[in-house]
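Asker: To be precise about what I am sending: the file is called start31.pdb and holds PDB, C-alpha atoms.
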ATOM      1  CA  MET A  43       0.000   0.000   0.000
ATOM      2  CA  ARG A  44       3.043   2.308   0.362
ATOM      3  CA  PHE A  45       3.695   2.296  -3.406
ATOM      4  CA  ILE A  46       0.703   4.435  -4.373
ATOM      5  CA  PRO A  47       1.435   7.386  -2.068
ATOM      6  CA  LEU A  48       5.115   7.261  -3.102
ATOM      7  CA  PHE A  49       4.154   7.184  -6.788
ATOM      8  CA  LEU A  50       1.860  10.165  -6.353
ATOM      9  CA  LEU A  51       4.596  12.027  -4.497
ATOM     10  CA  LEU A  52       6.999  11.445  -7.388
ATOM     11  CA  ILE A  53       4.431  12.715  -9.877
ATOM     12  CA  LEU A  54       3.920  15.897  -7.853
ATOM     13  CA  THR A  55       7.648  16.565  -7.704
ATOM     14  CA  VAL A  56       7.982  16.247 -11.488
ATOM     15  CA  VAL A  57       5.030  18.409 -12.528
ATOM     16  CA  PRO A  58       5.875  22.135 -12.272
ATOM     17  CA  PRO A  59       3.974  23.890  -9.446
ATOM     18  CA  CYS A  60       2.373  26.257 -11.969
ATOM     19  CA  LEU A  61       0.479  23.269 -13.374
ATOM     20  CA  ARG A  62      -0.882  22.141 -10.005
ATOM     21  CA  ALA A  63      -3.086  25.010  -8.836
ATOM     22  CA  ASP A  64      -6.533  24.198  -7.529
ATOM     23  CA  GLU A  65      -8.801  25.426 -10.330
ATOM     24  CA  THR A  66     -11.815  25.320  -7.995
ATOM     25  CA  VAL A  67     -10.387  27.802  -5.483
ATOM     26  CA  SER A  68     -12.471  30.951  -5.079
ATOM     27  CA  ILE A  69     -10.998  34.158  -6.487
ATOM     28  CA  ASP A  70     -11.775  37.417  -4.748
ATOM     29  CA  VAL A  71     -12.334  40.246  -7.280
ATOM     30  CA  LEU A  72     -12.165  43.863  -6.120
ATOM     31  CA  ARG A  73     -12.844  47.002  -8.165
ATOM     32  CA  TYR A  74     -11.723  50.480  -7.176
ATOM     33  CA  GLU A  75     -11.727  53.906  -8.845
ATOM     34  CA  PRO A  76      -8.996  55.865  -7.020
ATOM     35  CA  VAL A  77      -8.511  59.511  -8.003
ATOM     36  CA  ASP A  78      -5.080  60.988  -8.596
ATOM     37  CA  ALA A  79      -5.744  64.460  -7.205
ATOM     38  CA  SER A  80      -2.511  65.844  -8.658
ATOM     39  CA  ARG A  81      -3.841  65.161 -12.161
ATOM     40  CA  SER A  82      -7.603  65.234 -11.489
ATOM     41  CA  ARG A  83      -7.654  61.766 -13.019
ATOM     42  CA  THR A  84      -9.549  58.622 -12.043
ATOM     43  CA  VAL A  85      -7.582  55.413 -12.618
ATOM     44  CA  PRO A  86      -9.870  52.345 -12.342
ATOM     45  CA  VAL A  87      -8.344  49.068 -11.198
ATOM     46  CA  LYS A  88      -9.604  45.504 -10.983
ATOM     47  CA  ILE A  89      -7.802  43.285  -8.499
ATOM     48  CA  TYR A  90      -7.792  39.484  -8.440
ATOM     49  CA  ARG A  91      -6.556  37.467  -5.478
ATOM     50  CA  VAL A  92      -7.103  34.340  -3.458
ATOM     51  CA  LYS A  93      -7.503  35.312   0.187
ATOM     52  CA  SER A  94      -4.488  34.336   2.243
ATOM     53  CA  LYS A  95      -3.032  34.953   5.686
ATOM     54  CA  GLU A  96       0.270  35.838   4.021
ATOM     55  CA  ALA A  97       1.082  38.840   1.850
ATOM     56  CA  ARG A  98       1.494  37.844  -1.785
ATOM     57  CA  PRO A  99       3.625  39.290  -4.614
ATOM     58  CA  VAL A 100       1.891  41.736  -6.949
ATOM     59  CA  ILE A 101       1.580  41.765 -10.743
ATOM     60  CA  VAL A 102       0.453  44.998 -12.416
ATOM     61  CA  PHE A 103      -1.142  44.697 -15.874
ATOM     62  CA  SER A 104      -1.559  47.488 -18.434
ATOM     63  CA  HIS A 105      -4.099  46.923 -21.228
ATOM     64  CA  GLY A 106      -3.652  47.651 -24.910
ATOM     65  CA  LEU A 107      -5.162  50.519 -26.880
ATOM     66  CA  GLY A 108      -8.955  50.446 -26.618
ATOM     67  CA  GLY A 109      -8.955  47.959 -23.753
ATOM     68  CA  SER A 110      -9.973  48.102 -20.103
ATOM     69  CA  ARG A 111      -9.387  46.605 -16.683
ATOM     70  CA  GLU A 112     -11.737  43.806 -17.751
ATOM     71  CA  ASN A 113      -9.187  42.433 -20.249
ATOM     72  CA  GLY A 114      -6.851  39.504 -19.645
ATOM     73  CA  VAL A 115      -9.097  37.498 -17.354
ATOM     74  CA  TYR A 116      -7.416  34.240 -18.394
ATOM     75  CA  LEU A 117      -4.120  35.601 -17.044
ATOM     76  CA  ALA A 118      -5.503  37.360 -13.979
ATOM     77  CA  GLU A 119      -7.310  34.290 -12.659
ATOM     78  CA  HIS A 120      -4.382  32.002 -13.417
ATOM     79  CA  TRP A 121      -1.879  34.209 -11.609
ATOM     80  CA  ALA A 122      -4.222  34.670  -8.652
ATOM     81  CA  ARG A 123      -4.575  30.900  -8.276
ATOM     82  CA  HIS A 124      -0.794  30.562  -8.296
ATOM     83  CA  GLY A 125      -0.168  32.885  -5.394
ATOM     84  CA  TYR A 126      -0.179  36.409  -6.821
ATOM     85  CA  VAL A 127      -2.309  39.511  -6.468
ATOM     86  CA  ALA A 128      -3.085  40.664 -10.018
ATOM     87  CA  VAL A 129      -3.835  44.367 -10.419
ATOM     88  CA  PHE A 130      -5.373  45.271 -13.785
ATOM     89  CA  VAL A 131      -5.210  48.993 -14.514
ATOM     90  CA  GLN A 132      -7.466  50.987 -16.845
ATOM     91  CA  HIS A 133      -6.050  54.029 -18.644
ATOM     92  CA  PRO A 134      -8.675  56.693 -19.487
ATOM     93  CA  GLY A 135      -8.024  58.281 -22.862
ATOM     94  CA  SER A 136      -6.565  55.127 -24.402
ATOM     95  CA  ASP A 137      -9.148  52.683 -23.074
ATOM     96  CA  GLU A 138     -12.417  51.299 -24.447
ATOM     97  CA  SER A 139     -14.045  54.729 -24.299
ATOM     98  CA  VAL A 140     -12.008  55.686 -27.379
ATOM     99  CA  TRP A 141     -13.971  53.417 -29.706
ATOM    100  CA  LYS A 142     -17.193  53.190 -27.725
ATOM    101  CA  GLU A 143     -17.720  56.951 -27.900
ATOM    102  CA  ALA A 144     -16.843  57.240 -31.610
ATOM    103  CA  GLY A 145     -19.217  56.714 -34.493
ATOM    104  CA  ARG A 146     -18.987  53.357 -36.227
ATOM    105  CA  GLY A 147     -17.192  54.846 -39.216
ATOM    106  CA  GLU A 148     -14.868  56.913 -37.026
ATOM    107  CA  ARG A 149     -13.536  54.259 -34.673
ATOM    108  CA  MET A 150     -10.291  53.463 -36.457
ATOM    109  CA  ALA A 151      -9.409  57.157 -36.744
ATOM    110  CA  ALA A 152     -10.194  57.635 -33.059
ATOM    111  CA  MET A 153      -7.978  54.701 -32.111
ATOM    112  CA  LYS A 154      -5.058  56.013 -34.151
ATOM    113  CA  GLU A 155      -5.438  59.441 -32.589
ATOM    114  CA  ALA A 156      -5.416  57.916 -29.103
ATOM    115  CA  ALA A 157      -2.143  56.087 -29.805
ATOM    116  CA  SER A 158      -0.297  59.272 -28.929
ATOM    117  CA  GLY A 159       2.542  60.582 -26.830
ATOM    118  CA  ARG A 160      -0.018  62.304 -24.623
ATOM    119  CA  SER A 161      -1.726  58.973 -23.923
ATOM    120  CA  LEU A 162       1.606  57.371 -23.108
ATOM    121  CA  LEU A 163       2.478  60.117 -20.642
ATOM    122  CA  ASP A 164      -0.917  59.653 -18.990
ATOM    123  CA  ARG A 165      -0.196  55.939 -18.652
ATOM    124  CA  LEU A 166       3.234  56.620 -17.206
ATOM    125  CA  GLY A 167       1.556  58.689 -14.512
ATOM    126  CA  ASP A 168      -1.092  56.044 -13.890
ATOM    127  CA  ILE A 169       1.263  53.211 -12.963
ATOM    128  CA  PRO A 170       3.276  54.951 -10.200
ATOM    129  CA  PHE A 171       0.002  56.351  -8.857
ATOM    130  CA  VAL A 172      -1.462  52.844  -8.650
ATOM    131  CA  LEU A 173       1.654  51.630  -6.810
ATOM    132  CA  ASP A 174       1.281  54.489  -4.353
ATOM    133  CA  GLN A 175      -2.379  53.583  -3.910
ATOM    134  CA  LEU A 176      -1.524  49.924  -3.280
ATOM    135  CA  GLU A 177       0.933  50.998  -0.593
ATOM    136  CA  GLN A 178      -1.773  53.088   1.041
ATOM    137  CA  TRP A 179      -4.372  50.309   0.948
ATOM    138  CA  ASN A 180      -1.873  47.735   2.187
ATOM    139  CA  GLY A 181      -1.169  49.822   5.269
ATOM    140  CA  GLU A 182      -4.748  50.903   5.898
ATOM    141  CA  SER A 183      -6.322  49.009   8.774
ATOM    142  CA  GLY A 184      -9.749  47.751   7.819
ATOM    143  CA  HIS A 185      -9.164  47.883   4.069
ATOM    144  CA  ALA A 186      -9.804  44.665   2.116
ATOM    145  CA  LEU A 187      -6.158  44.654   0.995
ATOM    146  CA  HIS A 188      -4.643  45.451   4.392
ATOM    147  CA  ALA A 189      -1.406  43.443   4.803
ATOM    148  CA  ALA A 190      -2.337  41.366   1.721
ATOM    149  CA  LEU A 191       0.322  42.735  -0.636
ATOM    150  CA  ASP A 192       4.006  41.863  -0.745
ATOM    151  CA  LEU A 193       5.154  45.169  -2.208
ATOM    152  CA  GLU A 194       8.809  44.163  -2.051
ATOM    153  CA  HIS A 195       8.122  41.880  -5.016
ATOM    154  CA  ILE A 196       6.225  43.494  -7.897
ATOM    155  CA  GLY A 197       6.062  42.563 -11.575
ATOM    156  CA  MET A 198       4.867  44.690 -14.505
ATOM    157  CA  THR A 199       3.227  43.388 -17.660
ATOM    158  CA  GLY A 200       1.026  44.496 -20.512
ATOM    159  CA  HIS A 201       0.027  43.865 -24.096
ATOM    160  CA  SER A 202       0.620  46.148 -27.101
ATOM    161  CA  PHE A 203       0.262  49.724 -25.782
ATOM    162  CA  GLY A 204       0.451  48.039 -22.389
ATOM    163  CA  ALA A 205       3.794  46.545 -23.440
ATOM    164  CA  VAL A 206       5.007  50.049 -24.323
ATOM    165  CA  THR A 207       3.901  51.115 -20.840
ATOM    166  CA  THR A 208       5.746  48.151 -19.336
ATOM    167  CA  GLN A 209       8.914  48.929 -21.299
ATOM    168  CA  ALA A 210       8.860  52.513 -20.045
ATOM    169  CA  MET A 211       8.571  51.315 -16.458
ATOM    170  CA  MET A 212      11.591  49.046 -16.960
ATOM    171  CA  GLY A 213      13.680  51.987 -18.176
ATOM    172  CA  GLN A 214      13.434  52.163 -21.975
ATOM    173  CA  LYS A 215      15.195  55.268 -23.292
ATOM    174  CA  PHE A 216      13.114  57.675 -25.365
ATOM    175  CA  PRO A 217      14.141  60.677 -27.505
ATOM    176  CA  LEU A 218      15.987  63.525 -25.760
ATOM    177  CA  GLY A 219      17.376  61.045 -23.267
ATOM    178  CA  LYS A 220      14.111  60.690 -21.389
ATOM    179  CA  SER A 221      13.231  57.569 -19.400
ATOM    180  CA  PHE A 222      10.596  56.749 -16.801
ATOM    181  CA  PRO A 223      11.701  53.721 -14.748
ATOM    182  CA  ASP A 224      10.027  52.889 -11.470
ATOM    183  CA  PRO A 225      12.488  51.059  -9.190
ATOM    184  CA  ARG A 226       9.677  49.395  -7.273
ATOM    185  CA  PHE A 227       9.284  46.862 -10.087
ATOM    186  CA  ASP A 228      11.418  43.715 -10.033
ATOM    187  CA  ALA A 229      10.593  41.949 -13.317
ATOM    188  CA  PHE A 230       8.879  42.754 -16.610
ATOM    189  CA  PHE A 231       6.764  40.836 -19.127
ATOM    190  CA  PRO A 232       5.901  42.786 -22.327
ATOM    191  CA  MET A 233       3.571  41.003 -24.772
ATOM    192  CA  SER A 234       3.924  42.310 -28.350
ATOM    193  CA  PRO A 235       6.811  44.631 -27.432
ATOM    194  CA  SER A 236       7.684  47.677 -29.560
ATOM    195  CA  THR A 237      10.997  49.284 -30.423
ATOM    196  CA  GLY A 238       9.600  52.827 -30.396
ATOM    197  CA  ARG A 239      10.553  55.792 -32.568
ATOM    198  CA  GLY A 240      13.489  58.168 -32.581
ATOM    199  CA  VAL A 241      15.857  55.921 -30.632
ATOM    200  CA  GLY A 242      17.459  52.730 -31.897
ATOM    201  CA  ALA A 243      16.706  49.486 -30.106
ATOM    202  CA  THR A 244      20.252  49.073 -28.805
ATOM    203  CA  GLU A 245      20.289  52.534 -27.247
ATOM    204  CA  ALA A 246      16.769  52.062 -25.881
ATOM    205  CA  PHE A 247      17.217  48.674 -24.211
ATOM    206  CA  SER A 248      20.880  47.601 -23.911
ATOM    207  CA  HIS A 249      21.246  48.988 -20.375
ATOM    208  CA  ILE A 250      18.316  47.131 -18.791
ATOM    209  CA  SER A 251      19.545  44.646 -16.191
ATOM    210  CA  ALA A 252      16.177  43.576 -14.750
ATOM    211  CA  PRO A 253      14.644  40.204 -15.677
ATOM    212  CA  VAL A 254      12.532  40.487 -18.840
ATOM    213  CA  LEU A 255      10.256  38.005 -20.613
ATOM    214  CA  CYS A 256       9.211  39.022 -24.145
ATOM    215  CA  MET A 257       6.441  37.297 -26.080
ATOM    216  CA  THR A 258       5.375  37.889 -29.675
ATOM    217  CA  GLY A 259       4.451  36.002 -32.855
ATOM    218  CA  THR A 260       5.684  35.721 -36.418
ATOM    219  CA  GLU A 261       2.530  37.515 -37.600
ATOM    220  CA  ASP A 262       2.304  40.001 -34.732
ATOM    221  CA  THR A 263       1.575  43.178 -36.704
ATOM    222  CA  SER A 264      -0.614  46.209 -35.980
ATOM    223  CA  VAL A 265      -3.450  47.834 -37.916
ATOM    224  CA  ILE A 266      -2.992  50.975 -35.817
ATOM    225  CA  THR A 267       0.736  51.375 -36.499
ATOM    226  CA  PRO A 268       1.482  49.472 -39.742
ATOM    227  CA  ASP A 269       5.196  50.275 -39.507
ATOM    228  CA  MET A 270       5.362  48.036 -36.436
ATOM    229  CA  THR A 271       6.278  44.678 -37.950
ATOM    230  CA  ALA A 272       6.593  41.226 -36.442
ATOM    231  CA  GLU A 273      10.336  41.394 -37.110
ATOM    232  CA  SER A 274      10.768  44.727 -35.342
ATOM    233  CA  ARG A 275       9.040  43.422 -32.219
ATOM    234  CA  ARG A 276      11.792  40.827 -31.859
ATOM    235  CA  GLU A 277      14.429  43.577 -31.874
ATOM    236  CA  VAL A 278      13.548  44.391 -28.267
ATOM    237  CA  TYR A 279      14.815  41.038 -27.003
ATOM    238  CA  THR A 280      17.833  41.197 -29.311
ATOM    239  CA  ALA A 281      18.810  44.586 -27.885
ATOM    240  CA  LEU A 282      18.483  43.525 -24.232
ATOM    241  CA  PRO A 283      21.743  42.539 -22.507
ATOM    242  CA  SER A 284      22.373  38.968 -21.445
ATOM    243  CA  GLY A 285      21.265  37.834 -18.013
ATOM    244  CA  ASP A 286      17.729  36.794 -17.053
ATOM    245  CA  LYS A 287      16.231  37.588 -20.482
ATOM    246  CA  TYR A 288      13.742  35.298 -22.235
ATOM    247  CA  GLN A 289      11.679  35.262 -25.398
ATOM    248  CA  LEU A 290       8.807  33.179 -26.773
ATOM    249  CA  VAL A 291       7.845  33.627 -30.425
ATOM    250  CA  PHE A 292       4.715  31.803 -31.563
ATOM    251  CA  GLU A 293       4.933  30.522 -35.117
ATOM    252  CA  GLY A 294       1.935  32.071 -36.895
ATOM    253  CA  GLY A 295       1.061  34.021 -33.738
ATOM    254  CA  THR A 296      -0.843  37.234 -34.393
ATOM    255  CA  HIS A 297      -1.433  40.317 -32.266
ATOM    256  CA  SER A 298      -4.562  38.685 -30.882
ATOM    257  CA  ALA A 299      -2.684  35.656 -29.562
ATOM    258  CA  PHE A 300      -2.405  37.445 -26.212
ATOM    259  CA  SER A 301      -5.943  38.887 -26.097
ATOM    260  CA  ASP A 302      -9.084  37.344 -24.652
ATOM    261  CA  THR A 303     -10.673  37.155 -28.111
ATOM    262  CA  ALA A 304      -9.412  37.319 -31.692
ATOM    263  CA  LEU A 305      -9.746  40.652 -33.497
ATOM    264  CA  PHE A 306     -10.001  41.447 -37.218
ATOM    265  CA  ASN A 307     -10.599  37.750 -37.989
ATOM    266  CA  GLU A 308      -7.075  36.808 -36.876
ATOM    267  CA  LYS A 309      -6.503  33.095 -36.481
ATOM    268  CA  ARG A 310      -5.878  31.592 -33.055
ATOM    269  CA  PHE A 311      -3.946  28.509 -31.928
ATOM    270  CA  ASP A 312      -5.297  26.315 -29.164
ATOM    271  CA  HIS A 313      -2.028  26.107 -27.221
ATOM    272  CA  HIS A 314      -1.284  29.840 -27.028
ATOM    273  CA  HIS A 315      -3.140  30.856 -23.870
ATOM    274  CA  ALA A 316      -2.025  27.824 -21.880
ATOM    275  CA  ALA A 317       1.587  28.410 -22.923
ATOM    276  CA  ILE A 318       1.397  32.095 -21.967
ATOM    277  CA  GLN A 319      -0.062  31.157 -18.581
ATOM    278  CA  THR A 320       2.518  28.455 -17.876
ATOM    279  CA  ILE A 321       5.660  30.288 -18.937
ATOM    280  CA  SER A 322       4.708  33.660 -17.454
ATOM    281  CA  THR A 323       3.868  32.065 -14.104
ATOM    282  CA  ARG A 324       7.231  30.300 -13.957
ATOM    283  CA  PHE A 325       8.870  33.645 -14.804
ATOM    284  CA  TRP A 326       7.069  35.339 -11.907
ATOM    285  CA  ASP A 327       7.933  32.400  -9.640
ATOM    286  CA  ALA A 328      11.608  32.780 -10.491
ATOM    287  CA  TYR A 329      11.857  36.541 -10.023
ATOM    288  CA  LEU A 330       9.093  37.486  -7.596
ATOM    289  CA  LYS A 331       9.275  34.419  -5.351
ATOM    290  CA  GLY A 332      12.961  33.599  -5.736
ATOM    291  CA  ASP A 333      12.212  30.072  -6.956
ATOM    292  CA  ALA A 334      15.520  28.647  -8.203
ATOM    293  CA  THR A 335      13.760  25.626  -9.680
ATOM    294  CA  ALA A 336      11.583  27.909 -11.788
ATOM    295  CA  LYS A 337      14.639  29.805 -13.027
ATOM    296  CA  ALA A 338      16.372  26.560 -14.003
ATOM    297  CA  TRP A 339      13.179  25.499 -15.800
ATOM    298  CA  LEU A 340      13.141  28.745 -17.799
ATOM    299  CA  GLN A 341      16.779  28.287 -18.789
ATOM    300  CA  SER A 342      16.134  24.938 -20.424
ATOM    301  CA  ASP A 343      14.019  23.323 -23.109
ATOM    302  CA  LYS A 344      11.411  22.260 -20.549
ATOM    303  CA  PRO A 345       9.043  25.096 -21.545
ATOM    304  CA  ARG A 346       8.792  23.509 -24.986
ATOM    305  CA  THR A 347       7.357  20.290 -23.580
ATOM    306  CA  ASP A 348       5.557  21.517 -20.461
ATOM    307  CA  ALA A 349       3.883  24.398 -22.314
ATOM    308  CA  LYS A 350       3.195  22.167 -25.341
ATOM    309  CA  LEU A 351       4.845  24.476 -27.837
ATOM    310  CA  ILE A 352       4.725  23.403 -31.477
ATOM    311  CA  GLU A 353       7.886  22.588 -33.417
ATOM    312  CA  LYS A 354       8.357  26.009 -35.014
ATOM    313  CA  ASP A 355       7.589  28.041 -31.877
ATOM    314  CA  LEU A 356      10.809  29.665 -30.665
ATOM    315  CA  TRP A 357      11.901  29.567 -27.023
ATOM    316  CA  GLU A 358      15.191  31.255 -26.194
ATOM    317  CA  TRP A 359      17.049  32.813 -23.279
ATOM    318  CA  LYS A 360      20.322  34.591 -22.580
TER     319      LYS A 360
END
Show how you would write the structure in this file as structure tokens.
Answerer:
Amino acid sequence: MRFIPLFLLLILTVVPPCLRADETVSIDVLRYEPVDASRSRTVPVKIYRVKSKEARPVIVFSHGLGGSRENGVYLAEHWARHGYVAVFVQHPGSDESVWKEAGRGERMAAMKEAASGRSLLDRLGDIPFVLDQLEQWNGESGHALHAALDLEHIGMTGHSFGAVTTQAMMGQKFPLGKSFPDPRFDAFFPMSPSTGRGVGATEAFSHISAPVLCMTGTEDTSVITPDMTAESRREVYTALPSGDKYQLVFEGGTHSAFSDTALFNEKRFDHHHAAIQTISTRFWDAYLKGDATAKAWLQSDKPRTDAKLIEKDLWEWK
């Protein structure tokens, strides 16, 4: 009778922890609309967590152009079940209001107009404000998030315009030598990263020492900024220095590979979301929880098998 428990124990030690979460556990969802008085700006957030007696690391997510705090549920719930507090930020001015408030024939023009430097600066004010707000709530007796947040371990992620926001927070250099890093972040995960304009990729990214996980696809283009090609997105990883840098490139992956639903009739692959969940969680485990096993997993070919990547998907690290 001892063989069965031992066999099960061996199975559990082989399967990565990110694949063993209890999918039935209840997720607590909180919505807040804090106001940044210095900018007279409301910054809505949606927070996912599993209640715990211990403070948990935080992941901040920035949506793409035309999105909202309601995006990325498949990631938010997955990360929450694996021991993180996921904070999904909404950016007024580059959120869903852009297309919802435009006439049907004017939506594309409205979206292109919102993809502006002004919108980016608004976003770069939103993220530090949200971190400040989390610190306040974490220390506020009686608040639902009191003592629930491990603010010594924070990750930043986003898709598309949210990736641009993420890159800025990790210290990307912009024209005129400007940069906007927030040292409170420990690791970064841009989905559909962008090289930007006016500064070459090497100058923009070669100094970044923090852990970075990039994800894109061989067909990851943009209808909003047609000059942003699938090839140029991969230049971000190429320009990053060696040391705790990773990249996943989905063969045939489009811009919608990372979204909740496909847009503009883009094709989807069944393994994409599960692979994004698995690999990103192991990345957070390695750099927000200090899990050496997770780091060793990332720096191997195990993601190819455990995340069920197809033959032409590219997994690389340096």
Asker: Measuring between only C-alpha atoms, which one of A:Lys88, A:Arg146, A:Arg226, A:His249 shows the shortest distance to Ser284 in chain A?
Answerer: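 The shortest atom-to-atom distance to Ser284 in chain A comes from A:His249.
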Asker: Identify the residues within 10 Å of coordinate (20.5, 55.5, -29.2) (same frame as the file), considering all atoms listed in the file, and give the answer as a VMD selection string.
Answerer: chain A and resid 215 to 219 240 to 248
Asker: So, counting only C-alpha atoms, which residue among A:Val102, A:Ala229, A:Leu163, A:Met198 is closest to Val254 in chain A?
Answerer: A:Ala229
Asker: If we draw a sphere of 9 Å around (-11.8, 41.0, -15.5), which residues have at least one atom in it when counting all atoms listed in the file? Please report them as a PyMOL selection string.
Answerer: chain A and resi 71+88-90+110-116+118-119+130
Asker: For the structure shown, which residues end up in the PyMOL selection byres ((chain A and resi 290) around 7)? Put them as a list in words, please?
Answerer: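 When the PyMOL selection byres ((chain A and resi 290) around 7) is applied to the shown file, the picked residues are Cys256, Met257, Thr258, Gln289, Val291, Phe292, Leu356, Trp357 and Glu358 of chain A.
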Asker: Axis-aligned box over every listed atom of range 204-215 of chain A, padded by 6 Å per side: centre and edges in Å to one decimal, as JSON?
Answerer:
{"center_x": 7.8, "center_y": 50.9, "center_z": -20.4, "size_x": 26.7, "size_y": 20.7, "size_z": 19.9}
Asker: Expressed in Å to a single decimal, how great is the separation between CA of Val77 in chain A and CA of Gln178 in chain A?
Answerer: 13.0 Å
Asker: Rounded to one decimal place, report the CA of Arg83 in chain A-CA of Ser202 in chain A distance in Å.
Answerer: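 According to the coordinates, CA of Arg83 in chain A and CA of Ser202 in chain A are separated by 22.6 Å.
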Asker: Go through the shown structure with the PyMOL selection byres ((chain A and resi 316-319) around 9) and write out the matching residues as a list of chain:residue names.
Answerer: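 Residues picked by the PyMOL selection byres ((chain A and resi 316-319) around 9): A:Cys60, A:Tyr116, A:Leu117, A:His120, A:Trp121, A:Met257, A:Leu290, A:Phe300, A:Asp312, A:His313, A:His314, A:His315, A:Thr320, A:Ile321, A:Ser322, A:Thr323, A:Arg324, A:Pro345, A:Arg346, A:Asp348, A:Ala349, A:Lys350, A:Leu351.
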Asker: CA of His297 in chain A and CA of Glu148 in chain A, how far apart in Å?
Answerer: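 CA of His297 in chain A lies 21.9 Å from CA of Glu148 in chain A.
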Asker: Can you tell me which residues surround Asp137 in chain A at a distance of at most 8 Å, considering all atoms listed in the file, apart from same-chain residues fewer than 3 positions away, and format the answer as a CSV table (one decimal) with C-alpha atoms, keeping the file's coordinate frame?
Answerer:
chain,number,residue,atom,x,y,z
A,105,HIS,CA,-4.1,46.9,-21.2
A,106,GLY,CA,-3.7,47.7,-24.9
A,107,LEU,CA,-5.2,50.5,-26.9
A,108,GLY,CA,-9.0,50.4,-26.6
A,109,GLY,CA,-9.0,48.0,-23.8
A,110,SER,CA,-10.0,48.1,-20.1
A,132,GLN,CA,-7.5,51.0,-16.8
A,133,HIS,CA,-6.0,54.0,-18.6
A,134,PRO,CA,-8.7,56.7,-19.5
A,140,VAL,CA,-12.0,55.7,-27.4
Asker: Compare A:Tyr329, A:Phe103, A:Phe311, A:Tyr288 by their minimum atom-to-atom distance to Glu194 in chain A, counting only C-alpha atoms, and give me the closest one.
Answerer: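 Checking each candidate against Glu194 in chain A, we get A:Tyr329 as the closest.
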